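The data block below is work.csv; it holds CSV, C-alpha atoms (C1' of nucleotides).
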chain,number,residue,atom,x,y,z
A,29,MET,CA,-13.9,27.5,4.4
A,30,PRO,CA,-12.8,29.1,1.1
A,31,ASP,CA,-12.2,26.9,-1.9
A,32,LYS,CA,-8.6,27.9,-1.9
A,33,THR,CA,-8.1,26.3,1.4
A,34,LEU,CA,-9.6,23.0,0.2
A,35,GLY,CA,-7.2,23.0,-2.8
A,36,LEU,CA,-4.3,23.9,-0.6
A,37,PHE,CA,-4.8,20.9,1.7
A,38,PHE,CA,-5.4,18.6,-1.2
A,39,GLU,CA,-2.2,19.8,-2.8
A,40,LEU,CA,-0.4,19.4,0.5
A,41,PHE,CA,-1.5,15.8,1.1
A,42,ASN,CA,-0.8,15.0,-2.5
A,43,GLU,CA,2.7,16.3,-2.2
A,44,ILE,CA,3.2,14.3,0.9
A,45,ALA,CA,1.9,11.1,-0.7
A,46,ILE,CA,4.3,11.5,-3.6
A,47,ILE,CA,7.3,12.0,-1.3
A,48,GLU,CA,6.2,9.0,0.7
A,49,GLN,CA,6.1,7.0,-2.5
A,50,LEU,CA,9.4,8.2,-3.7
A,51,SER,CA,11.3,7.8,-0.5
A,52,ARG,CA,9.9,4.3,0.0
A,53,THR,CA,10.8,3.2,-3.5
A,54,ILE,CA,14.4,4.6,-3.1
A,55,PHE,CA,14.9,2.9,0.2
A,56,GLU,CA,13.3,-0.4,-0.6
A,57,ALA,CA,15.6,-0.7,-3.7
A,58,ARG,CA,18.4,-1.0,-1.1
A,59,LEU,CA,16.8,-3.5,1.2
A,60,PRO,CA,17.1,-7.2,0.6
A,61,LYS,CA,14.1,-8.8,-1.2
A,62,GLY,CA,11.2,-9.5,1.1
A,63,LEU,CA,12.1,-6.7,3.5
A,64,MET,CA,10.3,-3.4,3.4
A,65,VAL,CA,10.7,0.0,5.0
A,66,SER,CA,8.0,-1.0,7.4
A,67,HIS,CA,10.3,-3.8,8.7
A,68,PHE,CA,13.2,-1.5,9.0
A,69,SER,CA,11.2,1.2,10.7
A,70,VAL,CA,10.0,-1.1,13.4
A,71,LEU,CA,13.5,-2.3,14.2
A,72,ASN,CA,14.6,1.3,14.3
A,73,HIS,CA,11.8,2.2,16.6
A,74,LEU,CA,12.8,-0.7,19.0
A,75,VAL,CA,16.4,0.6,19.1
A,76,ARG,CA,15.8,4.3,19.2
A,77,VAL,CA,12.6,4.6,21.2
A,78,ALA,CA,12.3,1.6,23.3
A,79,ASP,CA,12.6,-2.2,23.2
A,80,GLY,CA,9.9,-4.4,24.5
A,81,ARG,CA,6.9,-2.5,23.1
A,82,THR,CA,3.6,-4.2,22.5
A,83,PRO,CA,2.3,-4.7,18.9
A,84,LEU,CA,-0.4,-2.2,19.6
A,85,GLN,CA,2.0,0.4,20.8
A,86,LEU,CA,4.0,-0.1,17.6
A,87,ALA,CA,0.9,0.1,15.4
A,88,ARG,CA,0.0,3.4,17.1
A,89,ALA,CA,3.5,4.8,16.8
A,90,PHE,CA,3.2,4.4,13.0
A,91,GLN,CA,-0.5,5.1,12.9
A,92,GLN,CA,-1.1,1.8,11.2
A,93,PRO,CA,-4.0,-0.7,11.6
A,94,LYS,CA,-3.1,-3.4,14.0
A,95,THR,CA,-3.6,-6.1,11.5
A,96,THR,CA,-0.9,-4.5,9.3
A,97,MET,CA,1.4,-4.5,12.3
A,98,THR,CA,0.7,-8.2,13.0
A,99,HIS,CA,1.7,-8.9,9.4
A,100,THR,CA,4.9,-6.8,9.7
A,101,LEU,CA,5.9,-8.4,13.0
A,102,ALA,CA,5.3,-11.9,11.5
A,103,GLY,CA,7.7,-11.1,8.8
A,104,LEU,CA,10.3,-9.8,11.2
A,105,GLU,CA,9.9,-12.9,13.4
A,106,LYS,CA,10.2,-15.2,10.5
A,107,HIS,CA,13.6,-13.6,9.7
A,108,GLY,CA,14.6,-13.9,13.4
A,109,PHE,CA,14.9,-10.2,13.8
A,110,ILE,CA,12.5,-10.0,16.7
A,111,ARG,CA,11.3,-12.2,19.5
A,112,MET,CA,7.8,-12.0,21.0
A,113,GLU,CA,7.1,-12.8,24.6
A,114,GLN,CA,4.0,-12.9,26.7
A,115,ASN,CA,3.4,-9.6,28.5
A,116,PRO,CA,3.5,-10.4,32.2
A,117,GLU,CA,1.4,-7.4,32.9
A,118,ASP,CA,-1.4,-8.4,30.6
A,119,LYS,CA,-2.0,-11.9,29.3
A,120,ARG,CA,-3.8,-10.7,26.2
A,121,SER,CA,-0.7,-8.8,25.2
A,122,LYS,CA,2.8,-9.5,23.9
A,123,LEU,CA,6.1,-7.7,24.1
A,124,VAL,CA,8.3,-7.3,21.0
A,125,PHE,CA,12.1,-7.5,21.5
A,126,ILE,CA,14.7,-7.0,18.9
A,127,THR,CA,17.3,-9.8,18.6
A,128,ASP,CA,21.0,-9.6,17.9
A,129,GLU,CA,20.2,-10.6,14.3
A,130,GLY,CA,17.7,-7.8,14.2
A,131,ARG,CA,20.2,-5.3,15.4
A,132,ALA,CA,22.8,-6.5,12.9
A,133,PHE,CA,20.2,-6.2,10.1
A,134,ARG,CA,19.3,-2.7,11.2
A,135,GLU,CA,22.9,-1.6,11.2
A,136,ASP,CA,23.5,-3.1,7.9
A,137,ALA,CA,20.4,-1.5,6.5
A,138,ILE,CA,21.5,1.9,7.8
A,139,GLU,CA,24.8,1.4,6.0
A,140,ARG,CA,23.0,0.5,2.8
A,141,LEU,CA,20.7,3.5,3.1
A,142,ALA,CA,23.2,6.1,4.2
A,143,PRO,CA,24.6,6.8,0.7
A,144,ASP,CA,21.2,7.7,-0.6
A,145,VAL,CA,20.5,9.9,2.4
A,146,ALA,CA,23.8,11.6,1.8
A,147,ARG,CA,22.9,12.2,-1.8
A,148,ILE,CA,19.6,13.7,-0.7
A,149,ALA,CA,21.3,15.8,1.9
A,150,GLU,CA,23.5,17.2,-0.8
A,151,LEU,CA,20.5,18.3,-2.8
A,152,VAL,CA,18.3,19.3,0.1
A,153,PRO,CA,20.1,21.2,2.8
A,154,PRO,CA,19.4,19.5,6.2
A,155,GLU,CA,18.4,22.9,7.5
A,156,HIS,CA,15.6,22.9,5.0
A,157,ALA,CA,14.6,19.4,6.0
A,158,GLY,CA,14.7,20.3,9.6
A,159,ALA,CA,12.7,23.4,9.1
A,160,LEU,CA,9.8,21.2,7.8
A,161,LEU,CA,9.6,19.0,10.8
A,162,PRO,CA,7.8,21.2,13.3
A,163,GLY,CA,5.0,22.0,10.8
A,164,LEU,CA,4.7,18.4,9.8
A,165,GLN,CA,4.6,17.3,13.5
A,166,GLU,CA,1.9,19.9,14.1
A,167,LEU,CA,-0.1,18.5,11.2
A,168,ARG,CA,0.4,14.9,12.3
A,169,GLN,CA,-0.6,15.8,15.8
A,170,GLU,CA,-3.9,17.3,14.7
A,171,LEU,CA,-4.8,14.6,12.3
A,172,ASP,CA,-4.0,12.1,15.0
A,173,GLY,CA,-6.4,13.9,17.3
A,174,MET,CA,-9.2,13.9,14.7
A,175,ARG,CA,-9.2,10.1,14.5
A,176,SER,CA,-10.2,9.7,18.2
B,23,MET,CA,27.5,13.1,6.5
B,24,PRO,CA,26.9,13.4,10.3
B,25,ASP,CA,24.8,10.8,12.0
B,26,LYS,CA,22.5,13.6,13.0
B,27,THR,CA,21.6,14.2,9.4
B,28,LEU,CA,20.8,10.6,8.8
B,29,GLY,CA,18.5,10.6,11.8
B,30,LEU,CA,16.9,13.8,10.6
B,31,PHE,CA,16.0,12.5,7.2
B,32,PHE,CA,14.7,9.2,8.7
B,33,GLU,CA,12.5,11.2,11.0
B,34,LEU,CA,11.3,13.4,8.2
B,35,PHE,CA,10.3,10.5,6.0
B,36,ASN,CA,8.7,8.8,8.9
B,37,GLU,CA,6.7,11.8,9.7
B,38,ILE,CA,5.6,12.1,6.1
B,39,ALA,CA,4.7,8.4,6.0
B,40,ILE,CA,2.5,8.8,9.0
B,41,ILE,CA,0.7,11.8,7.6
B,42,GLU,CA,0.2,10.0,4.4
B,43,GLN,CA,-1.4,7.2,6.3
B,44,LEU,CA,-3.6,9.4,8.4
B,45,SER,CA,-4.8,11.5,5.6
B,46,ARG,CA,-5.5,8.6,3.4
B,47,THR,CA,-7.5,6.8,6.2
B,48,ILE,CA,-9.5,9.9,7.0
B,49,PHE,CA,-10.4,10.5,3.4
B,50,GLU,CA,-11.1,6.9,2.4
B,51,ALA,CA,-13.6,6.7,5.3
B,52,ARG,CA,-15.7,9.2,3.4
B,53,LEU,CA,-15.4,7.6,0.0
B,54,PRO,CA,-17.8,4.9,-1.2
B,55,LYS,CA,-16.6,1.4,-0.8
B,56,GLY,CA,-14.2,0.3,-3.5
B,57,LEU,CA,-13.0,3.8,-4.3
B,58,MET,CA,-9.8,5.0,-2.9
B,59,VAL,CA,-7.9,8.3,-2.7
B,60,SER,CA,-5.9,7.2,-5.7
B,61,HIS,CA,-9.1,7.1,-7.8
B,62,PHE,CA,-10.2,10.5,-6.6
B,63,SER,CA,-6.7,11.9,-7.2
B,64,VAL,CA,-6.7,10.8,-10.8
B,65,LEU,CA,-10.0,12.4,-11.5
B,66,ASN,CA,-8.9,15.5,-9.7
B,67,HIS,CA,-5.8,15.6,-11.9
B,68,LEU,CA,-7.9,15.2,-15.1
B,69,VAL,CA,-10.0,18.2,-14.1
B,70,ARG,CA,-7.5,20.5,-12.5
B,71,VAL,CA,-4.4,19.8,-14.6
B,72,ALA,CA,-5.6,18.4,-18.0
B,73,ASP,CA,-7.9,15.9,-19.5
B,74,GLY,CA,-6.8,13.5,-22.1
B,75,ARG,CA,-3.5,12.4,-20.4
B,76,THR,CA,-1.9,9.1,-21.1
B,77,PRO,CA,-1.7,6.5,-18.4
B,78,LEU,CA,2.1,7.0,-18.2
B,79,GLN,CA,1.8,10.7,-17.8
B,80,LEU,CA,-0.6,10.0,-14.9
B,81,ALA,CA,1.7,7.5,-13.3
B,82,ARG,CA,4.5,10.0,-13.5
B,83,ALA,CA,2.4,12.8,-12.0
B,84,PHE,CA,1.9,10.6,-9.0
B,85,GLN,CA,5.2,8.9,-9.1
B,86,GLN,CA,3.6,5.5,-9.2
B,87,PRO,CA,4.6,2.4,-11.1
B,88,LYS,CA,2.7,2.2,-14.3
B,89,THR,CA,1.2,-1.2,-13.4
B,90,THR,CA,-0.4,0.5,-10.4
B,91,MET,CA,-1.8,3.2,-12.6
B,92,THR,CA,-3.2,0.5,-15.0
B,93,HIS,CA,-5.0,-1.0,-12.0
B,94,THR,CA,-6.4,2.3,-10.8
B,95,LEU,CA,-7.6,3.2,-14.3
B,96,ALA,CA,-9.2,-0.1,-14.7
B,97,GLY,CA,-11.2,0.6,-11.5
B,98,LEU,CA,-12.2,4.1,-12.7
B,99,GLU,CA,-13.2,2.7,-16.1
B,100,LYS,CA,-15.3,-0.1,-14.5
B,101,HIS,CA,-17.2,2.6,-12.6
B,102,GLY,CA,-17.7,4.6,-15.8
B,103,PHE,CA,-15.7,7.5,-14.5
B,104,ILE,CA,-13.2,7.6,-17.3
B,105,ARG,CA,-13.1,6.6,-20.9
B,106,MET,CA,-10.0,5.5,-22.7
B,107,GLU,CA,-9.3,6.1,-26.3
B,108,GLN,CA,-6.5,5.3,-28.7
B,109,ASN,CA,-3.9,8.0,-28.9
B,110,PRO,CA,-3.9,9.1,-32.5
B,111,GLU,CA,-0.3,10.3,-32.1
B,112,ASP,CA,1.0,7.0,-30.9
B,113,LYS,CA,-0.7,3.6,-31.4
B,114,ARG,CA,1.0,2.1,-28.4
B,115,SER,CA,-0.6,4.7,-26.2
B,116,LYS,CA,-4.0,5.7,-24.8
B,117,LEU,CA,-5.7,8.8,-23.7
B,118,VAL,CA,-7.7,9.0,-20.6
B,119,PHE,CA,-10.8,11.2,-20.5
B,120,ILE,CA,-13.0,11.9,-17.5
B,121,THR,CA,-16.7,11.3,-18.2
B,122,ASP,CA,-19.7,13.2,-16.9
B,123,GLU,CA,-20.2,10.5,-14.3
B,124,GLY,CA,-16.6,10.9,-13.3
B,125,ARG,CA,-17.0,14.7,-12.9
B,126,ALA,CA,-20.1,14.1,-10.8
B,127,PHE,CA,-18.4,11.7,-8.6
B,128,ARG,CA,-15.5,14.0,-8.2
B,129,GLU,CA,-17.7,16.9,-7.2
B,130,ASP,CA,-19.6,14.6,-4.8
B,131,ALA,CA,-16.4,13.4,-3.3
B,132,ILE,CA,-15.2,16.9,-2.7
B,133,GLU,CA,-18.4,17.7,-0.9
B,134,ARG,CA,-17.9,14.6,1.3
B,135,LEU,CA,-14.3,15.5,2.0
B,136,ALA,CA,-14.7,19.2,2.6
B,137,PRO,CA,-16.0,19.0,6.1
B,138,ASP,CA,-12.9,17.0,7.1
B,139,VAL,CA,-10.7,19.5,5.5
B,140,ALA,CA,-12.5,22.3,7.2
B,141,ARG,CA,-11.9,20.6,10.5
B,142,ILE,CA,-8.3,20.2,9.7
B,143,ALA,CA,-8.1,23.8,8.7
B,144,GLU,CA,-9.5,24.8,12.0
B,145,LEU,CA,-6.7,23.0,13.8
B,146,VAL,CA,-3.9,23.7,11.4
B,147,PRO,CA,-4.0,27.3,10.1
B,148,PRO,CA,-3.9,27.3,6.3
B,149,GLU,CA,-0.9,29.6,6.5
B,150,HIS,CA,1.0,26.9,8.3
B,151,ALA,CA,0.0,24.3,5.7
B,152,GLY,CA,0.9,26.7,2.9
B,153,ALA,CA,4.3,27.4,4.5
B,154,LEU,CA,5.2,23.7,4.2
B,155,LEU,CA,4.5,23.5,0.5
B,156,PRO,CA,7.7,25.1,-0.9
B,157,GLY,CA,10.0,22.9,1.2
B,158,LEU,CA,8.0,19.8,0.4
B,159,GLN,CA,8.1,20.6,-3.3
B,160,GLU,CA,11.8,21.1,-3.2
B,161,LEU,CA,12.2,17.8,-1.5
B,162,ARG,CA,10.0,16.1,-4.0
B,163,GLN,CA,11.8,17.6,-6.9
B,164,GLU,CA,15.2,16.4,-5.7
B,165,LEU,CA,14.0,12.9,-4.9
B,166,ASP,CA,12.4,12.8,-8.3
B,167,GLY,CA,15.6,13.8,-9.9
B,168,MET,CA,17.5,11.1,-8.0
B,169,ARG,CA,15.4,8.3,-9.6
B,170,SER,CA,16.5,9.0,-13.1
C,13,DT,C1',-19.5,-10.5,42.0
C,14,DC,C1',-21.4,-11.3,37.9
C,15,DA,C1',-22.8,-9.3,33.6
C,16,DT,C1',-21.3,-6.2,30.1
C,17,DA,C1',-18.1,-3.5,27.7
C,18,DT,C1',-13.5,-2.7,26.3
C,19,DT,C1',-9.1,-4.1,24.8
C,20,DG,C1',-5.0,-6.8,22.6
C,21,DG,C1',-4.1,-9.8,19.1
C,22,DT,C1',-5.0,-12.7,15.1
C,23,DG,C1',-7.4,-15.5,11.1
C,24,DC,C1',-9.5,-14.6,6.9
C,25,DG,C1',-10.9,-12.6,2.7
C,26,DA,C1',-10.8,-8.8,-0.6
C,27,DT,C1',-8.1,-6.0,-3.0
C,28,DA,C1',-4.1,-2.6,-3.7
C,29,DT,C1',0.7,-2.6,-4.8
C,30,DC,C1',4.2,-3.5,-7.9
C,31,DG,C1',8.2,-6.2,-10.1
C,32,DC,C1',8.8,-9.1,-14.1
C,33,DA,C1',8.1,-10.4,-18.5
C,34,DC,C1',5.8,-9.8,-22.7
C,35,DT,C1',3.5,-7.6,-27.0
C,36,DA,C1',2.9,-3.9,-30.1
C,37,DT,C1',4.6,0.2,-31.7
C,38,DT,C1',7.9,3.8,-32.4
C,39,DA,C1',12.7,5.7,-32.4
C,40,DT,C1',17.5,5.1,-33.5
C,41,DT,C1',21.4,4.0,-36.0
C,42,DG,C1',24.7,1.6,-38.9
D,30,DC,C1',16.1,0.6,-45.0
D,31,DA,C1',16.9,-3.1,-41.9
D,32,DA,C1',18.2,-4.3,-37.4
D,33,DT,C1',18.2,-2.9,-32.8
D,34,DA,C1',16.8,-0.3,-29.0
D,35,DA,C1',13.5,2.1,-26.5
D,36,DT,C1',8.8,3.0,-25.0
D,37,DA,C1',3.5,2.4,-23.8
D,38,DG,C1',0.6,-0.6,-21.9
D,39,DT,C1',-0.9,-5.0,-19.7
D,40,DG,C1',-1.2,-10.0,-17.7
D,41,DC,C1',0.4,-12.4,-14.0
D,42,DG,C1',2.1,-13.7,-9.6
D,43,DA,C1',3.7,-12.5,-5.1
D,44,DT,C1',2.8,-10.1,-1.3
D,45,DA,C1',1.4,-5.8,1.5
D,46,DT,C1',-2.7,-3.6,3.2
D,47,DC,C1',-6.5,-3.5,6.0
D,48,DG,C1',-11.6,-4.2,7.3
D,49,DC,C1',-14.4,-7.5,9.7
D,50,DA,C1',-15.2,-10.8,12.8
D,51,DC,C1',-13.6,-13.4,16.4
D,52,DC,C1',-11.3,-15.1,20.9
D,53,DA,C1',-9.1,-14.3,25.3
D,54,DA,C1',-8.3,-11.3,28.9
D,55,DT,C1',-9.1,-7.3,31.4
D,56,DA,C1',-11.8,-3.3,33.0
D,57,DT,C1',-16.3,-1.4,34.4
D,58,DG,C1',-20.3,-0.8,37.1
D,59,DA,C1',-24.9,-2.2,38.7
Will you turn the file into structure tokens for me?
Amino acid sequence: MPDKTLGLFFELFNEIAIIEQLSRTIFEARLPKGLMVSHFSVLNHLVRVADGRTPLQLARAFQQPKTTMTHTLAGLEKHGFIRMEQNPEDKRSKLVFITDEGRAFREDAIERLAPDVARIAELVPPEHAGALLPGLQELRQELDGMRS
Amino acid sequence: MPDKTLGLFFELFNEIAIIEQLSRTIFEARLPKGLMVSHFSVLNHLVRVADGRTPLQLARAFQQPKTTMTHTLAGLEKHGFIRMEQNPEDKRSKLVFITDEGRAFREDAIERLAPDVARIAELVPPEHAGALLPGLQELRQELDGMRS
DNA sequence: TCATATTGGTGCGATATCGCACTATTATTG
DNA sequence: CAATAATAGTGCGATATCGCACCAATATGA
């Protein structure tokens, strides 16, 4: 592997880390104190992908350690945004359901975040953003595969 | 702004967050305990961009809060990887210099990380990775501008 | 079927992250 | 030039992150 390649990937991951940092900071400035992007993302996932996921499925969806997901879910539950039930298929496991309060919070959060996204969309044409997705998904896919 | 655009950017930032998470986990598994990617990145910056930066310049380079950088630098200093001097230009300020030990650690870290990067480069052609950079840089630039 | 391995989830402890407030210094401006 | 504002850095406290170890439950396989 040429040195150039090493530098290229370092630069790529660095750029990605900076964007993650910036976007998280921008979005969290709009969320009420004590609620993070991670909370919002989980609610979003429950609505857009599927409700009634297990904590482990959620952790995998975001590629986070399961202890981190436990912590995030505890926060959501404390706010009454989710409800956790025993998984009838597997007594070790639980199922996470979004509550009405959770849905309301999610919708409110989307309204709060939309203006920022609109501003970003003015500066970065959505076509440019969309053009990045396939490459990023490929990269994610392969990194994901490496872990196992 | 159409709803589609909102969803697109949420998806984009989510994908970026996942890649950040995966890459950090992969790399930190190779670093000695107590040293994180953030430490490595700062040393890398001192070597590749410029030595003798101020803490604030470093924080801005990585778009991190300055308290976070203070913490990272404290860790690097404790390991003897950097040395901090008074900035003769400005008595409020400091200058951060990498030490020989820091350089050695950085080189060792690169050797540890290279095999992983090589594996990634096998799965994701460097041309693909390189093709992502301009779009990501554009996105970063604009997010950066929004903050101020 | 029983022993063993694997899996889902959590408690705990260490530490990374980061906002707030503060000091020291430098810049601004009336 | 004095008063005020802005800036660089850090201490502190709250909390997010996450590895390790553990328990309960399920899967495996001799």
Q: Report as a PyMOL selection string the set of chain B residues whose atoms approach chain A to within 8 Å, with distances computed over all atoms listed in the file.
A: chain B and resi 23+27-28+30-31+34-35+37-45+48+84-86+136+139-140+142-143+145-146+148+150-152+154-155+157-162+164-166+169
Sorted by chain and rising residue number, which residues of chain B lie within 7 Å of chain C, and what are their closest atom pairs and distances in Å to one decimal, counting all atoms listed in the file, as CSV?
residue,atom,partner,partner_atom,distance
B:Pro87,CA,C:DC30,C1',6.7
B:Thr89,CA,C:DC30,C1',6.7
B:Thr90,CA,C:DT29,C1',6.5
B:Lys113,CA,C:DT37,C1',6.3
B:Arg114,CA,C:DT37,C1',5.2
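Note that CA of Leu123 in chain A and C1' of DT55 in chain D are 16.9 Å apart.
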**Q.** d(CA of Leu80 in chain B, CA of Gly62 in chain A) in Å
**A.** 27.8 Å
(Q) Using all atoms listed in the file and a cut-off of 12 Å, which residues of chain D sit close to chain B? Please list them as a PyMOL selection string. (A) chain D and resi 36-41+46-48
Could you take the residues named above and write them with C-alpha atoms (C1' of nucleotides), as a PDB file, in the coordinates of the input?
ATOM      1  C1'  DT D  36       8.800   3.000 -25.000  1.00  0.00           C
ATOM      2  C1'  DA D  37       3.500   2.400 -23.800  1.00  0.00           C
ATOM      3  C1'  DG D  38       0.600  -0.600 -21.900  1.00  0.00           C
ATOM      4  C1'  DT D  39      -0.900  -5.000 -19.700  1.00  0.00           C
ATOM      5  C1'  DG D  40      -1.200 -10.000 -17.700  1.00  0.00           C
ATOM      6  C1'  DC D  41       0.400 -12.400 -14.000  1.00  0.00           C
ATOM      7  C1'  DT D  46      -2.700  -3.600   3.200  1.00  0.00           C
ATOM      8  C1'  DC D  47      -6.500  -3.500   6.000  1.00  0.00           C
ATOM      9  C1'  DG D  48     -11.600  -4.200   7.300  1.00  0.00           C
TER      10       DG D  48
END
Q: Go ahead and compute the interatomic distance for CA of Phe62 in chain B and CA of Val118 in chain B, in Å to one decimal.
A: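 Between these atoms lies a distance of 14.3 Å.
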